[in-house]
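Here's upload_29.tsv, which has TSV, N, CA and C atoms:
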chain	number	residue	atom	x	y	z
O	1	MET	N	18.14	15.85	-15.61
O	1	MET	CA	18.01	14.42	-15.37
O	1	MET	C	16.54	14.02	-15.56
O	2	PRO	N	16.28	12.94	-16.27
O	2	PRO	CA	14.89	12.51	-16.48
O	2	PRO	C	14.27	12.03	-15.17
O	3	ARG	N	12.96	12.11	-15.10
O	3	ARG	CA	12.25	11.63	-13.92
O	3	ARG	C	10.88	11.13	-14.36
O	4	TRP	N	10.53	9.94	-13.94
O	4	TRP	CA	9.22	9.37	-14.23
O	4	TRP	C	8.46	9.21	-12.91
O	5	LYS	N	7.17	9.46	-12.98
O	5	LYS	CA	6.31	9.27	-11.81
O	5	LYS	C	5.13	8.40	-12.23
O	6	LEU	N	5.02	7.27	-11.61
O	6	LEU	CA	3.97	6.30	-11.90
O	6	LEU	C	2.97	6.35	-10.76
O	7	VAL	N	1.68	6.43	-11.07
O	7	VAL	CA	0.65	6.52	-10.03
O	7	VAL	C	-0.43	5.49	-10.31
O	8	THR	N	-0.82	4.76	-9.28
O	8	THR	CA	-1.94	3.83	-9.38
O	8	THR	C	-2.81	3.99	-8.15
O	9	GLU	N	-4.09	3.77	-8.33
O	9	GLU	CA	-5.05	3.91	-7.25
O	9	GLU	C	-6.02	2.75	-7.32
O	10	PHE	N	-6.38	2.20	-6.17
O	10	PHE	CA	-7.30	1.07	-6.13
O	10	PHE	C	-7.97	1.03	-4.76
O	11	SER	N	-8.94	0.15	-4.62
O	11	SER	CA	-9.62	0.02	-3.33
O	11	SER	C	-9.59	-1.43	-2.87
O	12	ILE	N	-9.68	-1.58	-1.55
O	12	ILE	CA	-9.83	-2.90	-0.94
O	12	ILE	C	-10.92	-2.78	0.12
O	13	ASP	N	-11.60	-3.86	0.37
O	13	ASP	CA	-12.59	-3.93	1.43
O	13	ASP	C	-12.04	-4.84	2.52
O	14	SER	N	-11.85	-4.27	3.71
O	14	SER	CA	-11.27	-5.03	4.81
O	14	SER	C	-11.88	-4.56	6.12
O	15	ALA	N	-11.79	-5.43	7.11
O	15	ALA	CA	-12.26	-5.10	8.45
O	15	ALA	C	-11.05	-4.96	9.38
O	16	HIS	N	-11.28	-4.28	10.50
O	16	HIS	CA	-10.22	-4.13	11.50
O	16	HIS	C	-10.81	-3.59	12.78
O	17	TYR	N	-10.01	-3.57	13.80
O	17	TYR	CA	-10.30	-2.85	15.04
O	17	TYR	C	-8.97	-2.34	15.55
O	18	ILE	N	-9.00	-1.27	16.33
O	18	ILE	CA	-7.78	-0.71	16.87
O	18	ILE	C	-7.66	-1.15	18.33
O	19	ASN	N	-6.61	-1.88	18.63
O	19	ASN	CA	-6.40	-2.38	19.98
O	19	ASN	C	-6.43	-1.26	21.01
O	20	ASP	N	-7.14	-1.48	22.10
O	20	ASP	CA	-7.20	-0.57	23.25
O	20	ASP	C	-7.82	0.79	22.93
O	21	TYR	N	-8.50	0.93	21.79
O	21	TYR	CA	-9.16	2.19	21.45
O	21	TYR	C	-10.45	2.29	22.24
O	22	LYS	N	-10.64	3.38	22.95
O	22	LYS	CA	-11.84	3.59	23.76
O	22	LYS	C	-12.89	4.30	22.92
O	23	GLY	N	-13.66	3.52	22.19
O	23	GLY	CA	-14.69	4.07	21.31
O	23	GLY	C	-15.01	3.07	20.21
O	24	PRO	N	-15.83	3.49	19.25
O	24	PRO	CA	-16.29	2.57	18.20
O	24	PRO	C	-15.17	1.92	17.40
O	25	CYS	N	-14.05	2.61	17.21
O	25	CYS	CA	-12.95	2.05	16.40
O	25	CYS	C	-12.28	0.87	17.10
O	26	GLY	N	-12.57	0.67	18.38
O	26	GLY	CA	-12.04	-0.48	19.10
O	26	GLY	C	-12.84	-1.75	18.86
O	27	ARG	N	-13.98	-1.60	18.18
O	27	ARG	CA	-14.80	-2.78	17.83
O	27	ARG	C	-14.55	-3.14	16.37
O	28	LEU	N	-14.75	-4.40	16.04
O	28	LEU	CA	-14.59	-4.85	14.66
O	28	LEU	C	-15.55	-4.09	13.74
O	29	HIS	N	-14.99	-3.50	12.68
O	29	HIS	CA	-15.78	-2.77	11.69
O	29	HIS	C	-15.02	-2.78	10.37
O	30	GLY	N	-15.66	-2.38	9.30
O	30	GLY	CA	-15.02	-2.44	7.99
O	30	GLY	C	-14.97	-1.11	7.27
O	31	HIS	N	-14.10	-1.06	6.27
O	31	HIS	CA	-13.94	0.12	5.43
O	31	HIS	C	-13.73	-0.34	3.98
O	32	THR	N	-14.07	0.53	3.06
O	32	THR	CA	-13.57	0.42	1.70
O	32	THR	C	-12.40	1.38	1.65
O	33	TYR	N	-11.21	0.84	1.77
O	33	TYR	CA	-10.00	1.66	1.77
O	33	TYR	C	-9.65	2.04	0.34
O	34	ARG	N	-9.30	3.32	0.13
O	34	ARG	CA	-8.73	3.77	-1.14
O	34	ARG	C	-7.23	3.86	-0.93
O	35	ILE	N	-6.49	3.26	-1.82
O	35	ILE	CA	-5.03	3.25	-1.71
O	35	ILE	C	-4.45	3.85	-2.98
O	36	LYS	N	-3.54	4.79	-2.80
O	36	LYS	CA	-2.86	5.43	-3.92
O	36	LYS	C	-1.36	5.24	-3.72
O	37	ILE	N	-0.70	4.74	-4.74
O	37	ILE	CA	0.74	4.51	-4.68
O	37	ILE	C	1.41	5.31	-5.79
O	38	GLU	N	2.42	6.09	-5.41
O	38	GLU	CA	3.23	6.83	-6.37
O	38	GLU	C	4.63	6.26	-6.34
O	39	ALA	N	5.15	5.91	-7.50
O	39	ALA	CA	6.52	5.41	-7.64
O	39	ALA	C	7.27	6.35	-8.56
O	40	THR	N	8.41	6.84	-8.11
O	40	THR	CA	9.20	7.81	-8.87
O	40	THR	C	10.61	7.29	-9.06
O	41	ALA	N	11.17	7.51	-10.26
O	41	ALA	CA	12.54	7.06	-10.52
O	41	ALA	C	13.19	7.95	-11.57
O	42	ASN	N	14.51	7.98	-11.55
O	42	ASN	CA	15.29	8.73	-12.54
O	42	ASN	C	15.77	7.84	-13.67
O	43	GLN	N	15.43	6.58	-13.61
O	43	GLN	CA	15.75	5.65	-14.69
O	43	GLN	C	14.66	4.60	-14.76
O	44	LEU	N	14.66	3.83	-15.83
O	44	LEU	CA	13.67	2.78	-16.02
O	44	LEU	C	14.29	1.43	-15.69
O	45	TYR	N	13.43	0.49	-15.32
O	45	TYR	CA	13.86	-0.83	-14.88
O	45	TYR	C	13.09	-1.91	-15.60
O	46	SER	N	13.57	-3.13	-15.47
O	46	SER	CA	12.81	-4.30	-15.90
O	46	SER	C	11.94	-4.73	-14.72
O	47	SER	N	11.14	-5.76	-14.94
O	47	SER	CA	10.32	-6.30	-13.85
O	47	SER	C	10.25	-7.80	-14.00
O	48	GLU	N	9.56	-8.43	-13.09
O	48	GLU	CA	9.42	-9.88	-13.21
O	48	GLU	C	8.57	-10.26	-14.41
O	49	PHE	N	7.87	-9.29	-15.00
O	49	PHE	CA	6.98	-9.56	-16.12
O	49	PHE	C	7.55	-9.15	-17.47
O	50	VAL	N	8.60	-8.29	-17.48
O	50	VAL	CA	9.22	-7.86	-18.73
O	50	VAL	C	10.73	-7.70	-18.49
O	51	PRO	N	11.56	-8.32	-19.31
O	51	PRO	CA	13.00	-8.29	-19.06
O	51	PRO	C	13.69	-7.00	-19.50
O	52	HIS	N	13.00	-6.14	-20.23
O	52	HIS	CA	13.61	-4.91	-20.75
O	52	HIS	C	13.43	-3.76	-19.76
O	53	LYS	N	14.37	-2.84	-19.74
O	53	LYS	CA	14.30	-1.68	-18.85
O	53	LYS	C	13.40	-0.61	-19.48
O	54	VAL	N	12.09	-0.80	-19.27
O	54	VAL	CA	11.11	0.08	-19.93
O	54	VAL	C	10.07	0.65	-18.96
O	55	MET	N	10.25	0.46	-17.65
O	55	MET	CA	9.23	0.94	-16.71
O	55	MET	C	9.83	1.31	-15.36
O	56	VAL	N	9.15	2.18	-14.65
O	56	VAL	CA	9.52	2.49	-13.27
O	56	VAL	C	9.22	1.28	-12.41
O	57	ALA	N	8.02	0.76	-12.55
O	57	ALA	CA	7.56	-0.44	-11.85
O	57	ALA	C	6.36	-0.97	-12.59
O	58	ASP	N	6.08	-2.22	-12.43
O	58	ASP	CA	4.92	-2.81	-13.06
O	58	ASP	C	3.69	-2.50	-12.21
O	59	PHE	N	2.60	-2.09	-12.84
O	59	PHE	CA	1.37	-1.82	-12.10
O	59	PHE	C	0.93	-3.05	-11.30
O	60	ARG	N	1.12	-4.23	-11.85
O	60	ARG	CA	0.74	-5.46	-11.14
O	60	ARG	C	1.51	-5.60	-9.84
O	61	THR	N	2.77	-5.21	-9.84
O	61	THR	CA	3.57	-5.27	-8.62
O	61	THR	C	3.08	-4.25	-7.60
O	62	LEU	N	2.79	-3.05	-8.05
O	62	LEU	CA	2.34	-2.00	-7.14
O	62	LEU	C	0.97	-2.31	-6.53
O	63	ARG	N	0.14	-3.05	-7.24
O	63	ARG	CA	-1.21	-3.34	-6.76
O	63	ARG	C	-1.34	-4.69	-6.06
O	64	TRP	N	-0.27	-5.22	-5.50
O	64	TRP	CA	-0.33	-6.51	-4.83
O	64	TRP	C	-1.41	-6.54	-3.75
O	65	ALA	N	-1.61	-5.43	-3.03
O	65	ALA	CA	-2.56	-5.40	-1.92
O	65	ALA	C	-4.00	-5.54	-2.40
O	66	LYS	N	-4.27	-5.26	-3.67
O	66	LYS	CA	-5.62	-5.38	-4.25
O	66	LYS	C	-6.07	-6.83	-4.32
O	67	GLN	N	-5.14	-7.75	-4.31
O	67	GLN	CA	-5.49	-9.17	-4.42
O	67	GLN	C	-6.25	-9.64	-3.18
O	68	ASP	N	-7.04	-10.67	-3.37
O	68	ASP	CA	-7.74	-11.31	-2.26
O	68	ASP	C	-6.71	-11.81	-1.24
O	69	VAL	N	-7.09	-11.81	0.01
O	69	VAL	CA	-6.17	-12.24	1.06
O	69	VAL	C	-5.65	-13.65	0.82
O	70	THR	N	-6.44	-14.52	0.20
O	70	THR	CA	-5.98	-15.88	-0.07
O	70	THR	C	-4.88	-15.93	-1.13
O	71	LYS	N	-4.68	-14.81	-1.85
O	71	LYS	CA	-3.62	-14.72	-2.85
O	71	LYS	C	-2.50	-13.79	-2.41
O	72	GLY	N	-2.45	-13.44	-1.12
O	72	GLY	CA	-1.37	-12.62	-0.59
O	72	GLY	C	-1.67	-11.14	-0.49
O	73	GLY	N	-2.88	-10.73	-0.83
O	73	GLY	CA	-3.26	-9.32	-0.75
O	73	GLY	C	-3.94	-8.99	0.56
O	74	LEU	N	-4.63	-7.85	0.57
O	74	LEU	CA	-5.32	-7.38	1.77
O	74	LEU	C	-6.83	-7.24	1.57
O	75	ASP	N	-7.34	-7.66	0.41
O	75	ASP	CA	-8.76	-7.51	0.13
O	75	ASP	C	-9.56	-8.60	0.83
O	76	HIS	N	-10.67	-8.19	1.43
O	76	HIS	CA	-11.60	-9.09	2.12
O	76	HIS	C	-10.91	-9.90	3.21
O	77	CYS	N	-10.30	-9.17	4.14
O	77	CYS	CA	-9.67	-9.82	5.28
O	77	CYS	C	-9.96	-9.03	6.54
O	78	VAL	N	-9.58	-9.60	7.67
O	78	VAL	CA	-9.52	-8.87	8.92
O	78	VAL	C	-8.06	-8.48	9.09
O	79	LEU	N	-7.77	-7.21	8.94
O	79	LEU	CA	-6.38	-6.74	8.92
O	79	LEU	C	-5.62	-7.15	10.18
O	80	ASN	N	-6.29	-7.20	11.33
O	80	ASN	CA	-5.63	-7.60	12.57
O	80	ASN	C	-5.10	-9.03	12.50
O	81	GLU	N	-5.67	-9.84	11.64
O	81	GLU	CA	-5.25	-11.23	11.49
O	81	GLU	C	-4.17	-11.40	10.43
O	82	VAL	N	-3.95	-10.37	9.60
O	82	VAL	CA	-3.04	-10.47	8.47
O	82	VAL	C	-1.76	-9.67	8.66
O	83	LEU	N	-1.87	-8.46	9.18
O	83	LEU	CA	-0.68	-7.63	9.38
O	83	LEU	C	0.17	-8.19	10.51
O	84	PRO	N	1.49	-8.12	10.36
O	84	PRO	CA	2.38	-8.55	11.46
O	84	PRO	C	2.08	-7.73	12.72
O	85	PRO	N	2.37	-8.28	13.89
O	85	PRO	CA	1.99	-7.60	15.15
O	85	PRO	C	2.61	-6.23	15.35
O	86	GLU	N	3.73	-5.93	14.70
O	86	GLU	CA	4.34	-4.61	14.88
O	86	GLU	C	3.58	-3.50	14.14
O	87	TYR	N	2.58	-3.87	13.32
O	87	TYR	CA	1.77	-2.89	12.61
O	87	TYR	C	0.37	-2.88	13.21
O	88	GLU	N	0.03	-1.82	13.94
O	88	GLU	CA	-1.34	-1.65	14.41
O	88	GLU	C	-2.18	-1.32	13.19
O	89	THR	N	-3.48	-1.46	13.29
O	89	THR	CA	-4.32	-1.30	12.10
O	89	THR	C	-4.92	0.10	11.96
O	90	THR	N	-4.17	1.11	12.40
O	90	THR	CA	-4.56	2.49	12.09
O	90	THR	C	-4.24	2.76	10.62
O	91	ALA	N	-4.84	3.78	10.05
O	91	ALA	CA	-4.55	4.14	8.66
O	91	ALA	C	-3.06	4.42	8.48
O	92	GLU	N	-2.44	5.05	9.50
O	92	GLU	CA	-1.01	5.36	9.42
O	92	GLU	C	-0.17	4.10	9.28
O	93	MET	N	-0.48	3.10	10.09
O	93	MET	CA	0.31	1.87	10.09
O	93	MET	C	-0.01	0.99	8.88
O	94	ILE	N	-1.24	1.04	8.39
O	94	ILE	CA	-1.58	0.31	7.17
O	94	ILE	C	-0.80	0.88	6.01
O	95	ALA	N	-0.72	2.21	5.93
O	95	ALA	CA	0.06	2.86	4.87
O	95	ALA	C	1.53	2.46	4.97
O	96	GLN	N	2.07	2.43	6.18
O	96	GLN	CA	3.47	2.05	6.35
O	96	GLN	C	3.69	0.59	5.97
O	97	TYR	N	2.76	-0.29	6.32
O	97	TYR	CA	2.88	-1.70	5.96
O	97	TYR	C	2.89	-1.88	4.45
O	98	ILE	N	1.94	-1.22	3.77
O	98	ILE	CA	1.89	-1.33	2.30
O	98	ILE	C	3.17	-0.77	1.69
O	99	TYR	N	3.65	0.34	2.21
O	99	TYR	CA	4.91	0.93	1.75
O	99	TYR	C	6.06	-0.07	1.94
O	100	ASP	N	6.21	-0.59	3.15
O	100	ASP	CA	7.33	-1.49	3.47
O	100	ASP	C	7.32	-2.73	2.59
O	101	LYS	N	6.17	-3.33	2.41
O	101	LYS	CA	6.09	-4.55	1.60
O	101	LYS	C	6.32	-4.24	0.11
O	102	THR	N	5.76	-3.13	-0.37
O	102	THR	CA	5.94	-2.75	-1.78
O	102	THR	C	7.39	-2.40	-2.06
O	103	LYS	N	8.04	-1.68	-1.15
O	103	LYS	CA	9.44	-1.26	-1.33
O	103	LYS	C	10.35	-2.46	-1.55
O	104	LYS	N	10.07	-3.56	-0.87
O	104	LYS	CA	10.88	-4.78	-1.02
O	104	LYS	C	10.74	-5.41	-2.40
O	105	LEU	N	9.66	-5.09	-3.10
O	105	LEU	CA	9.40	-5.68	-4.42
O	105	LEU	C	10.03	-4.89	-5.57
O	106	LEU	N	10.59	-3.70	-5.25
O	106	LEU	CA	11.07	-2.78	-6.30
O	106	LEU	C	12.57	-2.57	-6.23
O	107	PRO	N	13.19	-2.13	-7.33
O	107	PRO	CA	14.60	-1.77	-7.30
O	107	PRO	C	14.85	-0.65	-6.29
O	108	SER	N	16.05	-0.58	-5.77
O	108	SER	CA	16.36	0.40	-4.72
O	108	SER	C	16.27	1.85	-5.21
O	109	GLY	N	16.34	2.10	-6.50
O	109	GLY	CA	16.28	3.46	-7.02
O	109	GLY	C	14.88	4.03	-7.15
O	110	VAL	N	13.87	3.25	-6.83
O	110	VAL	CA	12.49	3.71	-6.95
O	110	VAL	C	12.03	4.27	-5.60
O	111	LYS	N	11.55	5.53	-5.62
O	111	LYS	CA	11.00	6.15	-4.41
O	111	LYS	C	9.49	5.94	-4.39
O	112	LEU	N	8.95	5.73	-3.20
O	112	LEU	CA	7.52	5.46	-3.05
O	112	LEU	C	6.84	6.47	-2.15
O	113	LYS	N	5.55	6.66	-2.41
O	113	LYS	CA	4.66	7.34	-1.48
O	113	LYS	C	3.35	6.56	-1.51
O	114	VAL	N	2.82	6.26	-0.32
O	114	VAL	CA	1.58	5.50	-0.21
O	114	VAL	C	0.56	6.34	0.55
O	115	ALA	N	-0.63	6.47	-0.01
O	115	ALA	CA	-1.74	7.14	0.67
O	115	ALA	C	-2.84	6.14	0.92
O	116	VAL	N	-3.42	6.18	2.11
O	116	VAL	CA	-4.52	5.30	2.48
O	116	VAL	C	-5.66	6.15	3.02
O	117	SER	N	-6.86	5.90	2.51
O	117	SER	CA	-8.05	6.61	2.95
O	117	SER	C	-9.06	5.61	3.48
O	118	GLU	N	-9.57	5.87	4.68
O	118	GLU	CA	-10.64	5.03	5.25
O	118	GLU	C	-12.01	5.56	4.87
O	119	THR	N	-12.09	6.86	4.67
O	119	THR	CA	-13.35	7.51	4.30
O	119	THR	C	-13.03	8.54	3.21
O	120	PRO	N	-14.05	9.03	2.51
O	120	PRO	CA	-13.78	10.03	1.47
O	120	PRO	C	-13.12	11.32	1.98
O	121	SER	N	-13.22	11.59	3.28
O	121	SER	CA	-12.68	12.85	3.78
O	121	SER	C	-11.47	12.69	4.70
O	122	SER	N	-10.95	11.48	4.85
O	122	SER	CA	-9.81	11.26	5.76
O	122	SER	C	-8.80	10.33	5.12
O	123	TRP	N	-7.54	10.75	5.09
O	123	TRP	CA	-6.49	9.92	4.53
O	123	TRP	C	-5.17	10.23	5.20
O	124	VAL	N	-4.20	9.36	4.95
O	124	VAL	CA	-2.84	9.53	5.45
O	124	VAL	C	-1.89	9.23	4.31
O	125	GLU	N	-0.75	9.91	4.29
O	125	GLU	CA	0.29	9.63	3.29
O	125	GLU	C	1.55	9.20	4.05
O	126	TYR	N	2.26	8.21	3.49
O	126	TYR	CA	3.50	7.74	4.10
O	126	TYR	C	4.57	7.64	3.03
O	127	GLU	N	5.74	8.20	3.33
O	127	GLU	CA	6.92	8.03	2.49
O	127	GLU	C	8.14	8.09	3.41
O	128	ASP	N	9.22	7.52	2.96
O	128	ASP	CA	10.45	7.49	3.75
O	128	ASP	C	11.61	7.87	2.84
O	129	ASP	N	12.50	8.70	3.34
O	129	ASP	CA	13.63	9.13	2.52
O	129	ASP	C	14.79	8.23	2.70

Turn the structure described in the file into structure tokens.
Amino acid sequence: MPRWKLVTEFSIDSAHYINDYKGPCGRLHGHTYRIKIEATANQLYSSEFVPHKVMVADFRTLRWAKQDVTKGGLDHCVLNEVLPPEYETTAEMIAQYIYDKTKKLLPSGVKLKVAVSETPSSWVEYEDD
């Protein structure tokens, strides 16, 4: 069976604080987050940008979070003001939020994995079966 794996990586600059954290992370601070999204499928699909079944997903769709916050993305925002209240602003929950929102934009046959890094030496990966 054929299998395609699409990978995109980008960065966003955002601020956040972790509620009730006893330490520096409980204060407002910023990161240049590195985000990596992997989309895998056994067939190709169309997208809102091309009507033919020629891609796993459109890179533009996968990189929605790269957009400025005024355009619906997560770049240059305070994440605590943008993420719904059920998502705390830990790297784990940011990865889950990006996964959940991206998953809704894609056909059901596309599997996702989202990695979020706050620093060059620390990251989290999120995927759901």

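Across O:Lys66, O:Val54, O:Asn19, O:Ile37, the tightest approach to O:Tyr126 is made by O:Ile37 when counting only C-alpha atoms.
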
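With distances taken over only C-alpha atoms, O:Thr40 is the one residue among O:Thr40, O:Gly23, O:Arg34, O:Met93 lying closest to O:Lys5.
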
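The two atoms in question, atom C of O:Thr70 and atom N of O:Ile98, are spaced 16.9 Å apart.
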
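Atom pair atom N of O:Glu48 / atom CA of O:Thr61: separated by 8.1 Å.
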
| query | So what do you get for atom N of O:Ala39 versus atom N of O:Ala15, distance-wise? | reply | 25.1 Å

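The set of protein, DNA and RNA residues with any counted atom at most 7 Å from (-14.1, -3.8, 2.2) (only C-alpha atoms) reads Ile12, Asp13, Ser14, Ala15, Gly30, His31, Thr32, Tyr33, Asp75 and His76 of chain O.
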
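DSSP on the backbone gives alpha helix (DSSP H) for these parts of chain O: Phe59, Arg60, Thr61, Leu62, Leu79, Asn80, Glu81, Val82, Ala91, Glu92, Met93, Ile94, Ala95, Gln96, Tyr97, Ile98, Tyr99, Asp100, Lys101, Thr102, Lys103 and Lys104 of chain O.
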
Could you write out that same residue set with N, CA and C atoms as a CSV table (one decimal), in the frame of the given file?
chain,number,residue,atom,x,y,z
O,59,PHE,N,2.6,-2.1,-12.8
O,59,PHE,CA,1.4,-1.8,-12.1
O,59,PHE,C,0.9,-3.0,-11.3
O,60,ARG,N,1.1,-4.2,-11.8
O,60,ARG,CA,0.7,-5.5,-11.1
O,60,ARG,C,1.5,-5.6,-9.8
O,61,THR,N,2.8,-5.2,-9.8
O,61,THR,CA,3.6,-5.3,-8.6
O,61,THR,C,3.1,-4.2,-7.6
O,62,LEU,N,2.8,-3.0,-8.0
O,62,LEU,CA,2.3,-2.0,-7.1
O,62,LEU,C,1.0,-2.3,-6.5
O,79,LEU,N,-7.8,-7.2,8.9
O,79,LEU,CA,-6.4,-6.7,8.9
O,79,LEU,C,-5.6,-7.2,10.2
O,80,ASN,N,-6.3,-7.2,11.3
O,80,ASN,CA,-5.6,-7.6,12.6
O,80,ASN,C,-5.1,-9.0,12.5
O,81,GLU,N,-5.7,-9.8,11.6
O,81,GLU,CA,-5.2,-11.2,11.5
O,81,GLU,C,-4.2,-11.4,10.4
O,82,VAL,N,-4.0,-10.4,9.6
O,82,VAL,CA,-3.0,-10.5,8.5
O,82,VAL,C,-1.8,-9.7,8.7
O,91,ALA,N,-4.8,3.8,10.0
O,91,ALA,CA,-4.6,4.1,8.7
O,91,ALA,C,-3.1,4.4,8.5
O,92,GLU,N,-2.4,5.0,9.5
O,92,GLU,CA,-1.0,5.4,9.4
O,92,GLU,C,-0.2,4.1,9.3
O,93,MET,N,-0.5,3.1,10.1
O,93,MET,CA,0.3,1.9,10.1
O,93,MET,C,0.0,1.0,8.9
O,94,ILE,N,-1.2,1.0,8.4
O,94,ILE,CA,-1.6,0.3,7.2
O,94,ILE,C,-0.8,0.9,6.0
O,95,ALA,N,-0.7,2.2,5.9
O,95,ALA,CA,0.1,2.9,4.9
O,95,ALA,C,1.5,2.5,5.0
O,96,GLN,N,2.1,2.4,6.2
O,96,GLN,CA,3.5,2.0,6.4
O,96,GLN,C,3.7,0.6,6.0
O,97,TYR,N,2.8,-0.3,6.3
O,97,TYR,CA,2.9,-1.7,6.0
O,97,TYR,C,2.9,-1.9,4.4
O,98,ILE,N,1.9,-1.2,3.8
O,98,ILE,CA,1.9,-1.3,2.3
O,98,ILE,C,3.2,-0.8,1.7
O,99,TYR,N,3.6,0.3,2.2
O,99,TYR,CA,4.9,0.9,1.8
O,99,TYR,C,6.1,-0.1,1.9
O,100,ASP,N,6.2,-0.6,3.2
O,100,ASP,CA,7.3,-1.5,3.5
O,100,ASP,C,7.3,-2.7,2.6
O,101,LYS,N,6.2,-3.3,2.4
O,101,LYS,CA,6.1,-4.6,1.6
O,101,LYS,C,6.3,-4.2,0.1
O,102,THR,N,5.8,-3.1,-0.4
O,102,THR,CA,5.9,-2.8,-1.8
O,102,THR,C,7.4,-2.4,-2.1
O,103,LYS,N,8.0,-1.7,-1.2
O,103,LYS,CA,9.4,-1.3,-1.3
O,103,LYS,C,10.4,-2.5,-1.6
O,104,LYS,N,10.1,-3.6,-0.9
O,104,LYS,CA,10.9,-4.8,-1.0
O,104,LYS,C,10.7,-5.4,-2.4

| Option closest in space to O:Cys77, from O:Glu92, O:Met55, O:His16, O:Val7 [counting only N, CA and C atoms] | O:His16

| message | Using DSSP secondary structure from the backbone, list all strand (DSSP E or B) positions within stretch 26-81 of chain O, as a PyMOL selection string. | response | chain O and resi 29-41+45+55+68+75+78

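With only C-alpha atoms as the atoms that count, the residue of O:Gly26, O:Thr90, O:Asp58, O:Gln43 with the shortest distance to O:Gly109 is O:Gln43.
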
| Contacts of O:Glu86 within 12 Å, only C-alpha atoms, excl. fewer than 6 positions in-chain, as a PyMOL selection string | chain O and resi 80+93-94+96-97

If we count only C-alpha atoms, what is near O:Ser47 at a cut-off of 12 Å, once residues fewer than 4 positions away on the same chain are taken out, given as a PDB file with N, CA and C atoms, in the frame of the given file?
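Written output follows (result33.pdb):
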ATOM      1  N   PRO O  51      11.560  -8.320 -19.310  1.00  0.00           N
ATOM      2  CA  PRO O  51      13.000  -8.290 -19.060  1.00  0.00           C
ATOM      3  C   PRO O  51      13.690  -7.000 -19.500  1.00  0.00           C
ATOM      4  N   HIS O  52      13.000  -6.140 -20.230  1.00  0.00           N
ATOM      5  CA  HIS O  52      13.610  -4.910 -20.750  1.00  0.00           C
ATOM      6  C   HIS O  52      13.430  -3.760 -19.760  1.00  0.00           C
ATOM      7  N   LYS O  53      14.370  -2.840 -19.740  1.00  0.00           N
ATOM      8  CA  LYS O  53      14.300  -1.680 -18.850  1.00  0.00           C
ATOM      9  C   LYS O  53      13.400  -0.610 -19.480  1.00  0.00           C
ATOM     10  N   VAL O  54      12.090  -0.800 -19.270  1.00  0.00           N
ATOM     11  CA  VAL O  54      11.110   0.080 -19.930  1.00  0.00           C
ATOM     12  C   VAL O  54      10.070   0.650 -18.960  1.00  0.00           C
ATOM     13  N   MET O  55      10.250   0.460 -17.650  1.00  0.00           N
ATOM     14  CA  MET O  55       9.230   0.940 -16.710  1.00  0.00           C
ATOM     15  C   MET O  55       9.830   1.310 -15.360  1.00  0.00           C
ATOM     16  N   VAL O  56       9.150   2.180 -14.650  1.00  0.00           N
ATOM     17  CA  VAL O  56       9.520   2.490 -13.270  1.00  0.00           C
ATOM     18  C   VAL O  56       9.220   1.280 -12.410  1.00  0.00           C
ATOM     19  N   ALA O  57       8.020   0.760 -12.550  1.00  0.00           N
ATOM     20  CA  ALA O  57       7.560  -0.440 -11.850  1.00  0.00           C
ATOM     21  C   ALA O  57       6.360  -0.970 -12.590  1.00  0.00           C
ATOM     22  N   ASP O  58       6.080  -2.220 -12.430  1.00  0.00           N
ATOM     23  CA  ASP O  58       4.920  -2.810 -13.060  1.00  0.00           C
ATOM     24  C   ASP O  58       3.690  -2.500 -12.210  1.00  0.00           C
ATOM     25  N   PHE O  59       2.600  -2.090 -12.840  1.00  0.00           N
ATOM     26  CA  PHE O  59       1.370  -1.820 -12.100  1.00  0.00           C
ATOM     27  C   PHE O  59       0.930  -3.050 -11.300  1.00  0.00           C
ATOM     28  N   ARG O  60       1.120  -4.230 -11.850  1.00  0.00           N
ATOM     29  CA  ARG O  60       0.740  -5.460 -11.140  1.00  0.00           C
ATOM     30  C   ARG O  60       1.510  -5.600  -9.840  1.00  0.00           C
ATOM     31  N   THR O  61       2.770  -5.210  -9.840  1.00  0.00           N
ATOM     32  CA  THR O  61       3.570  -5.270  -8.620  1.00  0.00           C
ATOM     33  C   THR O  61       3.080  -4.250  -7.600  1.00  0.00           C
ATOM     34  N   LEU O  62       2.790  -3.050  -8.050  1.00  0.00           N
ATOM     35  CA  LEU O  62       2.340  -2.000  -7.140  1.00  0.00           C
ATOM     36  C   LEU O  62       0.970  -2.310  -6.530  1.00  0.00           C
ATOM     37  N   LEU O 105       9.660  -5.090  -3.100  1.00  0.00           N
ATOM     38  CA  LEU O 105       9.400  -5.680  -4.420  1.00  0.00           C
ATOM     39  C   LEU O 105      10.030  -4.890  -5.570  1.00  0.00           C
ATOM     40  N   LEU O 106      10.590  -3.700  -5.250  1.00  0.00           N
ATOM     41  CA  LEU O 106      11.070  -2.780  -6.300  1.00  0.00           C
ATOM     42  C   LEU O 106      12.570  -2.570  -6.230  1.00  0.00           C
ATOM     43  N   PRO O 107      13.190  -2.130  -7.330  1.00  0.00           N
ATOM     44  CA  PRO O 107      14.600  -1.770  -7.300  1.00  0.00           C
ATOM     45  C   PRO O 107      14.850  -0.650  -6.290  1.00  0.00           C
TER      46      PRO O 107
END
